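Chemist: Quick one: this structure, given as C-alpha cells, is what I'll be asking you about.
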Amino acid sequence: MVTKNKEQSLKAIFFDAVGTLFYLTETVGDHYALIGSEVGVTLGAYQLDRAFYRAWKQMPPRPAIDGPREDDDKGWWRQLVDLVLDQAAPSLSEYDRDNFFEIAYEHFAEAGVWDLYPDVLDVLSQLRPRFQLAVISNFDGRLRFILEHLGISKFFVHVFISSEIGADKPDPEIFRRALKVTGLKASEVLDVGDDPERDWKAAVAAGLSIFQLNRPKNSLRDLLTSLTTNGHA
C-alpha cells in the first residue's frame with residue numbers, strides 16, 4: 001500500500017534495511033549460540049532468542065542529538081548483549097562476556113550472516129534509473145559493509161544511519177535530517193519499510209509518502225505496481 005502526497009512529483013525513494021532489503025539467515029538466537037560456541041560456552045538458541053527480544057524491548061529510546069553518536073553505537077550494542085547474557089548466561093565471567101561481545105559485533109557484519117530478499121536486486125535495478133535511492137536505517141557503520149557484501153551498495157546515493165545522523169526511528173527527526181542532506185522536499189520522497197511505528201508512522205509524521213511493506217503479504221514488486229498506478233512510472 002502506498003500513501004501518496006500529490007503536491008510534488010516523486011524524485012527519491014528511501015528504503016529501510018533489515019526486514020525490507022535483507023534478513024538474518026538464522027534466528028538471532030542461532031547466531032548467538034554459534035558465537036557462544038566460539039568462546040567455549042554452550043547456550044540454547046531458543047533461550048537466547050527469547051532473551052534477545054526481551055532485552056530489545058528494555059532498551060530505552062534515545063533523544064536526537066546534534067551530530068553522530070559516540071563510538072558508532074558500539075556501547076549501545078554492548079549494553080544490549082549484556083542484558084541478553086544476564087538472562088541466558090548469568091554466570092558467564094566478565095572475560096567471556098567481553099569475548100562474546102567482540103565476536104558478536106564482528107559476526108553481524110560478515111558475509112553470509114545476512115541475505116537479500118529475492119525481489120530486491122531486480123526492483124532496485126528498475127528503480128535506480130528513475131529515482132534517487134537511499135537507505136535509512138536504525139543501524140551503525142557496519143551497515144555499509146553489509147550492503148557491500150550483499151552487492152547492493154551501488155544502487156544507493158545515500159546511506160543514512162541512525163548512529164551517524166544522531167536520531168533513531170521512530171523519531172521523525174531522522175527523516176528530516178535525511179531530507180536536509182538530499183535537498184529534497186518531503187513531498188518528493190517515498191519511504192519503504194516494514195515496521196508500522198518506525199517506518200510508516202515516523203515517515204508520515206515527517207511528511208513523506210510511504211509504501212507499507214508487509215512480507216509475505218506483499219513485496220517490493222508490489223511497490224513497482226503501486227508506482228505505476230500512481231503515475232510515477
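Residue numbering restarts at 1 for every chain of the C-alpha cells, chains are lettered A, B, ... in their displayed order, and ligands are numbered from 1 as they appear.
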With a distance cut-off of 12 Å and only C-alpha atoms, select the neighbouring residues of Trp56 (chain A), excluding the residue or stretch itself and same-chain residues fewer than 4 positions from it, and output the selection as a PyMOL selection string.
Modeler: chain A and resi 28+48-52+60-61+76-84
Chemist: Could those selected residues go to a file with all heavy atoms, as a compact mmCIF listing (two decimals), in the first residue's frame?
Modeler:
```txt
# COMPACT_ATOMS: atom_id res chain seq x y z
N VAL A 28 18.26 -14.77 15.61
CA VAL A 28 19.29 -14.15 16.44
C VAL A 28 19.83 -15.17 17.44
O VAL A 28 21.04 -15.25 17.67
CB VAL A 28 18.71 -12.93 17.19
CG1 VAL A 28 19.75 -12.37 18.16
CG2 VAL A 28 18.28 -11.85 16.21
N LEU A 48 18.22 -17.99 23.99
CA LEU A 48 18.90 -16.76 23.59
C LEU A 48 17.98 -15.86 22.76
O LEU A 48 17.99 -14.64 22.90
CB LEU A 48 20.15 -17.10 22.78
CG LEU A 48 21.34 -17.62 23.58
CD1 LEU A 48 22.35 -18.28 22.64
CD2 LEU A 48 22.01 -16.48 24.35
N ASP A 49 17.19 -16.48 21.89
CA ASP A 49 16.29 -15.71 21.06
C ASP A 49 15.26 -14.97 21.91
O ASP A 49 15.01 -13.77 21.71
CB ASP A 49 15.59 -16.65 20.07
CG ASP A 49 15.22 -15.95 18.77
OD1 ASP A 49 16.06 -15.23 18.22
OD2 ASP A 49 14.08 -16.11 18.32
N ARG A 50 14.69 -15.67 22.87
CA ARG A 50 13.71 -15.03 23.75
C ARG A 50 14.37 -13.94 24.60
O ARG A 50 13.80 -12.86 24.79
CB ARG A 50 13.08 -16.08 24.66
CG ARG A 50 12.21 -17.10 23.93
CD ARG A 50 11.46 -17.98 24.89
NE ARG A 50 10.50 -17.20 25.66
CZ ARG A 50 9.76 -17.72 26.64
NH1 ARG A 50 9.89 -18.99 26.98
NH2 ARG A 50 8.89 -16.96 27.30
N ALA A 51 15.58 -14.22 25.06
CA ALA A 51 16.30 -13.23 25.87
C ALA A 51 16.61 -11.98 25.06
O ALA A 51 16.53 -10.85 25.56
CB ALA A 51 17.58 -13.84 26.42
N PHE A 52 16.97 -12.17 23.79
CA PHE A 52 17.30 -11.03 22.93
C PHE A 52 16.09 -10.11 22.78
O PHE A 52 16.21 -8.89 22.92
CB PHE A 52 17.78 -11.50 21.56
CG PHE A 52 18.05 -10.37 20.61
CD1 PHE A 52 19.28 -9.72 20.62
CD2 PHE A 52 17.08 -9.92 19.72
CE1 PHE A 52 19.53 -8.65 19.77
CE2 PHE A 52 17.32 -8.87 18.87
CZ PHE A 52 18.55 -8.23 18.88
N PRO A 60 16.00 1.63 26.27
CA PRO A 60 15.20 2.86 26.23
C PRO A 60 15.40 3.63 24.93
O PRO A 60 16.49 3.59 24.34
CB PRO A 60 15.73 3.66 27.42
CG PRO A 60 17.14 3.19 27.59
CD PRO A 60 17.14 1.74 27.21
N PRO A 61 14.37 4.33 24.46
CA PRO A 61 14.54 5.19 23.28
C PRO A 61 15.50 6.33 23.59
O PRO A 61 15.59 6.79 24.74
CB PRO A 61 13.13 5.71 23.02
CG PRO A 61 12.42 5.60 24.33
CD PRO A 61 13.01 4.41 25.01
N TRP A 76 26.11 0.96 22.91
CA TRP A 76 24.68 0.61 22.99
C TRP A 76 24.49 -0.88 22.75
O TRP A 76 23.74 -1.54 23.46
CB TRP A 76 23.91 1.42 21.95
CG TRP A 76 22.42 1.28 22.03
CD1 TRP A 76 21.54 2.06 22.73
CD2 TRP A 76 21.62 0.30 21.35
NE1 TRP A 76 20.25 1.62 22.53
CE2 TRP A 76 20.27 0.55 21.69
CE3 TRP A 76 21.91 -0.76 20.49
CZ2 TRP A 76 19.21 -0.22 21.20
CZ3 TRP A 76 20.86 -1.53 19.99
CH2 TRP A 76 19.53 -1.25 20.36
N TRP A 77 25.18 -1.40 21.75
CA TRP A 77 25.09 -2.84 21.46
C TRP A 77 25.67 -3.67 22.60
O TRP A 77 25.15 -4.74 22.93
CB TRP A 77 25.80 -3.16 20.15
CG TRP A 77 25.06 -2.69 18.94
CD1 TRP A 77 25.38 -1.65 18.13
CD2 TRP A 77 23.84 -3.25 18.41
NE1 TRP A 77 24.44 -1.51 17.13
CE2 TRP A 77 23.49 -2.48 17.28
CE3 TRP A 77 23.02 -4.31 18.79
CZ2 TRP A 77 22.36 -2.75 16.52
CZ3 TRP A 77 21.89 -4.59 18.02
CH2 TRP A 77 21.57 -3.81 16.90
N ARG A 78 26.72 -3.18 23.24
CA ARG A 78 27.28 -3.91 24.39
C ARG A 78 26.26 -3.97 25.53
O ARG A 78 26.10 -5.01 26.19
CB ARG A 78 28.58 -3.23 24.88
CG ARG A 78 29.18 -3.86 26.15
CD ARG A 78 29.49 -5.34 25.93
NE ARG A 78 29.76 -6.05 27.17
CZ ARG A 78 30.99 -6.34 27.62
NH1 ARG A 78 32.05 -5.96 26.92
NH2 ARG A 78 31.15 -7.00 28.73
N GLN A 79 25.56 -2.88 25.75
CA GLN A 79 24.52 -2.87 26.79
C GLN A 79 23.44 -3.89 26.46
O GLN A 79 22.95 -4.61 27.35
CB GLN A 79 23.92 -1.47 26.90
CG GLN A 79 22.88 -1.32 28.01
CD GLN A 79 22.29 0.08 28.07
OE1 GLN A 79 22.73 1.00 27.37
NE2 GLN A 79 21.26 0.26 28.89
N LEU A 80 23.03 -3.96 25.21
CA LEU A 80 22.01 -4.93 24.79
C LEU A 80 22.49 -6.36 25.01
O LEU A 80 21.76 -7.20 25.56
CB LEU A 80 21.66 -4.71 23.33
CG LEU A 80 20.68 -5.71 22.71
CD1 LEU A 80 19.31 -5.58 23.34
CD2 LEU A 80 20.58 -5.51 21.19
N VAL A 81 23.71 -6.65 24.58
CA VAL A 81 24.25 -8.01 24.74
C VAL A 81 24.36 -8.38 26.21
O VAL A 81 24.06 -9.52 26.61
CB VAL A 81 25.61 -8.14 24.02
CG1 VAL A 81 26.31 -9.45 24.40
CG2 VAL A 81 25.43 -8.07 22.51
N ASP A 82 24.76 -7.44 27.05
CA ASP A 82 24.82 -7.71 28.49
C ASP A 82 23.45 -8.08 29.05
O ASP A 82 23.34 -8.98 29.90
CB ASP A 82 25.39 -6.50 29.24
CG ASP A 82 26.91 -6.44 29.19
OD1 ASP A 82 27.53 -7.49 28.95
OD2 ASP A 82 27.46 -5.35 29.40
N LEU A 83 22.40 -7.40 28.59
CA LEU A 83 21.05 -7.74 29.03
C LEU A 83 20.66 -9.15 28.60
O LEU A 83 20.01 -9.88 29.35
CB LEU A 83 20.05 -6.73 28.48
CG LEU A 83 20.04 -5.34 29.11
CD1 LEU A 83 19.08 -4.42 28.35
CD2 LEU A 83 19.63 -5.41 30.58
N VAL A 84 21.07 -9.53 27.39
CA VAL A 84 20.79 -10.89 26.91
C VAL A 84 21.51 -11.91 27.77
O VAL A 84 20.92 -12.90 28.22
CB VAL A 84 21.22 -11.04 25.43
CG1 VAL A 84 21.06 -12.50 24.98
CG2 VAL A 84 20.42 -10.12 24.53
```
Chemist: Looking at only C-alpha atoms, which of A:Val135, A:Lys180, A:Glu110, A:Val123 is the one that sits closest to His158 (chain A)?
Modeler: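 Using only C-alpha atoms, His158 (chain A) sits closest to A:Val135.
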Chemist: Please identify which residues in region 83-225 of chain A DSSP calls alpha helix (DSSP H) from the backbone, and express them as an MDAnalysis selection string.
Modeler: chainID A and resid 83:88 94:107 120:127 142:149 162:165 173:182 202:205 220:225
Chemist: For Tyr46 (chain A), please output as an mmCIF file with all heavy atoms, in the first residue's frame all residues within 12 Å (counting only C-alpha atoms; exclusion window: fewer than 6 positions along the same chain).
Modeler:
```cif
data_model
loop_
_atom_site.group_PDB
_atom_site.id
_atom_site.type_symbol
_atom_site.label_atom_id
_atom_site.label_comp_id
_atom_site.auth_asym_id
_atom_site.auth_seq_id
_atom_site.Cartn_x
_atom_site.Cartn_y
_atom_site.Cartn_z
ATOM 1 N N GLU A 26 19.604 -16.945 9.924
ATOM 2 C CA GLU A 26 19.051 -17.770 11.006
ATOM 3 C C GLU A 26 18.463 -16.827 12.052
ATOM 4 O O GLU A 26 18.568 -15.605 11.926
ATOM 5 C CB GLU A 26 20.151 -18.639 11.646
ATOM 6 C CG GLU A 26 20.903 -19.539 10.684
ATOM 7 C CD GLU A 26 20.085 -20.712 10.189
ATOM 8 O OE1 GLU A 26 19.006 -20.976 10.783
ATOM 9 O OE2 GLU A 26 20.497 -21.355 9.204
ATOM 10 N N THR A 27 17.871 -17.359 13.099
ATOM 11 C CA THR A 27 17.371 -16.503 14.166
ATOM 12 C C THR A 27 18.544 -15.856 14.905
ATOM 13 O O THR A 27 19.684 -16.347 14.840
ATOM 14 C CB THR A 27 16.528 -17.290 15.173
ATOM 15 O OG1 THR A 27 17.384 -18.173 15.914
ATOM 16 C CG2 THR A 27 15.431 -18.083 14.486
ATOM 17 N N VAL A 28 18.258 -14.774 15.612
ATOM 18 C CA VAL A 28 19.287 -14.147 16.440
ATOM 19 C C VAL A 28 19.831 -15.168 17.439
ATOM 20 O O VAL A 28 21.041 -15.250 17.669
ATOM 21 C CB VAL A 28 18.714 -12.932 17.188
ATOM 22 C CG1 VAL A 28 19.748 -12.366 18.161
ATOM 23 C CG2 VAL A 28 18.275 -11.850 16.214
ATOM 24 N N GLY A 29 18.941 -15.977 18.020
ATOM 25 C CA GLY A 29 19.370 -16.987 18.979
ATOM 26 C C GLY A 29 20.340 -17.996 18.389
ATOM 27 O O GLY A 29 21.315 -18.394 19.036
ATOM 28 N N ASP A 30 20.090 -18.423 17.143
ATOM 29 C CA ASP A 30 21.007 -19.348 16.470
ATOM 30 C C ASP A 30 22.390 -18.719 16.305
ATOM 31 O O ASP A 30 23.419 -19.373 16.531
ATOM 32 C CB ASP A 30 20.456 -19.736 15.091
ATOM 33 C CG ASP A 30 19.281 -20.682 15.165
ATOM 34 O OD1 ASP A 30 19.279 -21.557 16.053
ATOM 35 O OD2 ASP A 30 18.357 -20.555 14.338
ATOM 36 N N HIS A 31 22.406 -17.464 15.905
ATOM 37 C CA HIS A 31 23.693 -16.776 15.732
ATOM 38 C C HIS A 31 24.410 -16.606 17.072
ATOM 39 O O HIS A 31 25.626 -16.818 17.168
ATOM 40 C CB HIS A 31 23.476 -15.421 15.059
ATOM 41 C CG HIS A 31 23.178 -15.516 13.603
ATOM 42 N ND1 HIS A 31 24.144 -15.770 12.654
ATOM 43 C CD2 HIS A 31 22.005 -15.421 12.908
ATOM 44 C CE1 HIS A 31 23.606 -15.802 11.451
ATOM 45 N NE2 HIS A 31 22.299 -15.594 11.574
ATOM 46 N N TYR A 32 23.663 -16.244 18.104
ATOM 47 C CA TYR A 32 24.270 -16.074 19.422
ATOM 48 C C TYR A 32 24.791 -17.410 19.959
ATOM 49 O O TYR A 32 25.848 -17.458 20.617
ATOM 50 C CB TYR A 32 23.263 -15.461 20.392
ATOM 51 C CG TYR A 32 23.233 -13.951 20.399
ATOM 52 C CD1 TYR A 32 23.423 -13.218 19.231
ATOM 53 C CD2 TYR A 32 23.005 -13.234 21.576
ATOM 54 C CE1 TYR A 32 23.387 -11.842 19.234
ATOM 55 C CE2 TYR A 32 22.975 -11.848 21.592
ATOM 56 C CZ TYR A 32 23.158 -11.156 20.419
ATOM 57 O OH TYR A 32 23.129 -9.780 20.425
ATOM 58 N N ALA A 33 24.076 -18.499 19.699
ATOM 59 C CA ALA A 33 24.536 -19.820 20.138
ATOM 60 C C ALA A 33 25.848 -20.185 19.445
ATOM 61 O O ALA A 33 26.759 -20.746 20.061
ATOM 62 C CB ALA A 33 23.471 -20.866 19.857
ATOM 63 N N PHE A 52 16.971 -12.175 23.788
ATOM 64 C CA PHE A 52 17.299 -11.030 22.930
ATOM 65 C C PHE A 52 16.090 -10.112 22.777
ATOM 66 O O PHE A 52 16.207 -8.885 22.918
ATOM 67 C CB PHE A 52 17.775 -11.502 21.557
ATOM 68 C CG PHE A 52 18.049 -10.370 20.612
ATOM 69 C CD1 PHE A 52 19.277 -9.723 20.620
ATOM 70 C CD2 PHE A 52 17.078 -9.922 19.724
ATOM 71 C CE1 PHE A 52 19.533 -8.654 19.765
ATOM 72 C CE2 PHE A 52 17.318 -8.867 18.866
ATOM 73 C CZ PHE A 52 18.550 -8.233 18.885
ATOM 74 N N TYR A 53 14.936 -10.673 22.487
ATOM 75 C CA TYR A 53 13.765 -9.825 22.240
ATOM 76 C C TYR A 53 13.253 -9.175 23.517
ATOM 77 O O TYR A 53 12.725 -8.053 23.480
ATOM 78 C CB TYR A 53 12.694 -10.617 21.502
ATOM 79 C CG TYR A 53 13.091 -10.830 20.062
ATOM 80 C CD1 TYR A 53 13.563 -12.062 19.619
ATOM 81 C CD2 TYR A 53 13.073 -9.768 19.159
ATOM 82 C CE1 TYR A 53 13.974 -12.240 18.305
ATOM 83 C CE2 TYR A 53 13.486 -9.933 17.842
ATOM 84 C CZ TYR A 53 13.933 -11.171 17.422
ATOM 85 O OH TYR A 53 14.355 -11.330 16.125
ATOM 86 N N ALA A 88 20.348 -15.231 29.809
ATOM 87 C CA ALA A 88 20.648 -16.546 29.242
ATOM 88 C C ALA A 88 21.896 -17.204 29.824
ATOM 89 O O ALA A 88 22.021 -18.429 29.783
ATOM 90 C CB ALA A 88 20.801 -16.423 27.725
#
```
Chemist: For Pro118 (chain A), which residue among A:Asn230, A:Thr20, A:Gln132, A:Ser9 is the nearest when counting only C-alpha atoms?
Modeler: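 Distance minimum relative to Pro118 (chain A) lands on A:Thr20.
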Chemist: Calculate how many Å separate CA of Asp168 (chain A) from CA of Pro129 (chain A), rounding to one decimal.
Modeler: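 Atom-to-atom, CA of Asp168 (chain A) and CA of Pro129 (chain A) are spaced 29.1 Å apart.
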Chemist: Which distance in Å separates CA of Ser163 (chain A) and CA of Glu106 (chain A), to one decimal?
Modeler: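 Atom-to-atom, CA of Ser163 (chain A) and CA of Glu106 (chain A) are spaced 16.8 Å apart.
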Chemist: Rounded to one decimal in Å, what is the spacing between CA of Ala134 (chain A) and CA of Phe15 (chain A)?
Modeler: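 Atom-to-atom, CA of Ala134 (chain A) and CA of Phe15 (chain A) are spaced 6.1 Å apart.
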Chemist: Among region 8-95 of chain A, which residues carry a DSSP assignment of strand (DSSP E or B), reported as JSON, numbers by chain?
Modeler: {"A": [12, 13, 14, 15, 18, 22, 23, 24]}
Chemist: Keeping only C-alpha atoms, write the selected residues as a PDB file, in the first residue's frame.
Modeler:
```pdb
ATOM      1  CA  ALA A  12      13.535   9.775  -4.420  1.00  0.00           C
ATOM      2  CA  ILE A  13      12.810   6.572  -2.518  1.00  0.00           C
ATOM      3  CA  PHE A  14      14.174   5.796   0.951  1.00  0.00           C
ATOM      4  CA  PHE A  15      14.449   2.137   1.964  1.00  0.00           C
ATOM      5  CA  VAL A  18      16.622  -5.113   7.888  1.00  0.00           C
ATOM      6  CA  PHE A  22      17.683  -8.200   3.701  1.00  0.00           C
ATOM      7  CA  TYR A  23      17.223 -10.587   6.617  1.00  0.00           C
ATOM      8  CA  LEU A  24      19.217 -12.762   9.018  1.00  0.00           C
TER       9      LEU A  24
END
```
Chemist: Looking at A:Lys169, A:Lys57, A:Gly141, A:Ile136, which one is nearest to Val157 (chain A), with distances taken over only C-alpha atoms?
Modeler: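 Smallest separation from Val157 (chain A) among the options: A:Ile136.
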Chemist: List the spatial neighbours of Pro170 (chain A) as a CSV table (one decimal) with C-alpha atoms, in the first residue's frame - criterion: any atom at most 8 Å away, only C-alpha atoms, same-chain residues fewer than 4 positions off excluded.
Modeler:
```csv
chain,number,residue,atom,x,y,z
A,197,GLU,CA,5.9,2.5,14.0
A,198,ARG,CA,9.5,3.0,13.0
A,199,ASP,CA,8.9,3.3,9.2
A,201,LYS,CA,4.2,6.3,11.3
A,202,ALA,CA,7.6,8.1,11.6
```
Chemist: Give me the residues within 12 Å of Asp191 (chain A) as number ranges by chain, counting only C-alpha atoms and dropping any in the same chain fewer than 3 places off.
Modeler: A: 1-5, 10-17, 20, 132-137, 172, 175, 178-179, 186-188, 194-196, 198-213, 223
Chemist: Would you mind exporting N, CA and C atoms of the selected residues as a tab-separated table (two decimals), in the first residue's frame?
Modeler:
```tsv
chain	number	residue	atom	x	y	z
A	1	MET	N	0.85	-1.21	0.00
A	1	MET	CA	0.00	0.00	0.00
A	1	MET	C	0.87	1.24	0.00
A	2	VAL	N	0.55	2.18	-0.87
A	2	VAL	CA	1.24	3.47	-0.91
A	2	VAL	C	0.30	4.56	-0.46
A	3	THR	N	0.76	5.38	0.47
A	3	THR	CA	0.07	6.63	0.74
A	3	THR	C	0.83	7.70	-0.03
A	4	LYS	N	0.12	8.52	-0.74
A	4	LYS	CA	0.73	9.42	-1.73
A	4	LYS	C	0.48	10.88	-1.40
A	5	ASN	N	1.54	11.65	-1.47
A	5	ASN	CA	1.40	13.10	-1.39
A	5	ASN	C	1.42	13.62	-2.83
A	10	LEU	N	7.39	12.56	-7.55
A	10	LEU	CA	8.29	11.74	-6.75
A	10	LEU	C	9.69	11.76	-7.36
A	11	LYS	N	10.69	12.08	-6.54
A	11	LYS	CA	12.07	12.14	-7.01
A	11	LYS	C	12.99	11.12	-6.35
A	12	ALA	N	12.63	10.66	-5.15
A	12	ALA	CA	13.53	9.77	-4.42
A	12	ALA	C	12.74	8.75	-3.62
A	13	ILE	N	13.40	7.63	-3.34
A	13	ILE	CA	12.81	6.57	-2.52
A	13	ILE	C	13.81	6.19	-1.43
A	14	PHE	N	13.37	6.24	-0.19
A	14	PHE	CA	14.17	5.80	0.95
A	14	PHE	C	13.75	4.37	1.32
A	15	PHE	N	14.72	3.52	1.57
A	15	PHE	CA	14.45	2.14	1.96
A	15	PHE	C	14.97	1.86	3.37
A	16	ASP	N	14.14	1.24	4.19
A	16	ASP	CA	14.62	0.62	5.41
A	16	ASP	C	15.58	-0.51	5.03
A	17	ALA	N	16.34	-1.02	5.99
A	17	ALA	CA	17.32	-2.06	5.68
A	17	ALA	C	16.83	-3.44	6.11
A	20	THR	N	13.42	-5.25	5.14
A	20	THR	CA	12.96	-4.65	3.89
A	20	THR	C	13.83	-5.08	2.72
A	132	GLN	N	16.28	8.81	-7.25
A	132	GLN	CA	17.39	8.74	-6.29
A	132	GLN	C	17.00	7.72	-5.22
A	133	LEU	N	17.88	6.78	-4.95
A	133	LEU	CA	17.61	5.77	-3.94
A	133	LEU	C	18.53	5.95	-2.74
A	134	ALA	N	17.99	5.73	-1.55
A	134	ALA	CA	18.78	5.85	-0.32
A	134	ALA	C	18.30	4.81	0.68
A	135	VAL	N	19.18	4.47	1.62
A	135	VAL	CA	18.83	3.62	2.75
A	135	VAL	C	18.72	4.51	3.97
A	136	ILE	N	17.71	4.27	4.81
A	136	ILE	CA	17.58	4.99	6.07
A	136	ILE	C	17.26	3.96	7.15
A	137	SER	N	18.18	3.81	8.12
A	137	SER	CA	18.11	2.65	9.00
A	137	SER	C	18.59	2.96	10.41
A	172	PRO	N	10.70	11.22	13.93
A	172	PRO	CA	10.69	11.73	12.56
A	172	PRO	C	11.92	12.56	12.22
A	175	PHE	N	14.26	11.37	9.49
A	175	PHE	CA	13.82	11.64	8.12
A	175	PHE	C	14.05	13.10	7.75
A	178	ALA	N	17.67	13.55	6.92
A	178	ALA	CA	17.98	12.94	5.62
A	178	ALA	C	17.49	13.83	4.48
A	179	LEU	N	16.31	14.41	4.64
A	179	LEU	CA	15.80	15.33	3.62
A	179	LEU	C	16.72	16.54	3.46
A	186	ALA	N	9.84	16.88	1.52
A	186	ALA	CA	9.23	15.64	2.00
A	186	ALA	C	8.25	15.07	0.97
A	187	SER	N	7.53	15.94	0.28
A	187	SER	CA	6.53	15.51	-0.69
A	187	SER	C	7.15	14.90	-1.94
A	188	GLU	N	8.46	14.98	-2.07
A	188	GLU	CA	9.16	14.41	-3.22
A	188	GLU	C	9.77	13.05	-2.93
A	194	ASP	N	9.02	-1.85	6.66
A	194	ASP	CA	8.15	-2.94	7.11
A	194	ASP	C	7.59	-2.73	8.52
A	195	ASP	N	8.04	-1.70	9.22
A	195	ASP	CA	7.64	-1.52	10.61
A	195	ASP	C	6.59	-0.41	10.74
A	196	PRO	N	5.41	-0.73	11.30
A	196	PRO	CA	4.35	0.28	11.37
A	196	PRO	C	4.72	1.53	12.15
A	198	ARG	N	8.20	2.45	13.33
A	198	ARG	CA	9.50	3.03	12.96
A	198	ARG	C	9.55	3.53	11.53
A	199	ASP	N	8.82	2.88	10.65
A	199	ASP	CA	8.86	3.28	9.25
A	199	ASP	C	7.61	4.07	8.85
A	200	TRP	N	6.45	3.47	8.96
A	200	TRP	CA	5.24	4.08	8.42
A	200	TRP	C	4.86	5.34	9.18
A	201	LYS	N	4.67	5.20	10.48
A	201	LYS	CA	4.20	6.34	11.28
A	201	LYS	C	5.24	7.46	11.31
A	202	ALA	N	6.51	7.11	11.47
A	202	ALA	CA	7.56	8.13	11.57
A	202	ALA	C	7.73	8.89	10.26
A	203	ALA	N	7.70	8.17	9.14
A	203	ALA	CA	7.88	8.83	7.85
A	203	ALA	C	6.71	9.76	7.55
A	204	VAL	N	5.50	9.31	7.83
A	204	VAL	CA	4.31	10.15	7.62
A	204	VAL	C	4.39	11.41	8.48
A	205	ALA	N	4.87	11.26	9.72
A	205	ALA	CA	5.00	12.42	10.61
A	205	ALA	C	5.99	13.44	10.06
A	206	ALA	N	6.96	12.96	9.26
A	206	ALA	CA	7.93	13.87	8.65
A	206	ALA	C	7.45	14.39	7.29
A	207	GLY	N	6.26	13.97	6.86
A	207	GLY	CA	5.68	14.47	5.63
A	207	GLY	C	5.92	13.64	4.40
A	208	LEU	N	6.54	12.45	4.55
A	208	LEU	CA	6.82	11.60	3.41
A	208	LEU	C	5.62	10.73	3.05
A	209	SER	N	5.53	10.34	1.80
A	209	SER	CA	4.64	9.27	1.41
A	209	SER	C	5.27	7.95	1.82
A	210	ILE	N	4.47	6.88	1.95
A	210	ILE	CA	5.01	5.60	2.37
A	210	ILE	C	4.48	4.45	1.53
A	211	PHE	N	5.30	3.42	1.43
A	211	PHE	CA	4.86	2.12	0.93
A	211	PHE	C	4.94	1.16	2.10
A	212	GLN	N	3.79	0.57	2.44
A	212	GLN	CA	3.72	-0.31	3.60
A	212	GLN	C	4.10	-1.73	3.18
A	213	LEU	N	5.36	-2.08	3.38
A	213	LEU	CA	5.83	-3.43	3.08
A	213	LEU	C	5.42	-4.36	4.22
A	223	LEU	N	5.58	-2.69	-4.93
A	223	LEU	CA	5.99	-1.28	-4.98
A	223	LEU	C	6.03	-0.79	-6.41
```
Chemist: Using only C-alpha atoms, which residue out of A:Leu43, A:Ile161, A:Ile103, A:Leu116 lies closest to His149 (chain A)?
Modeler: A:Leu116
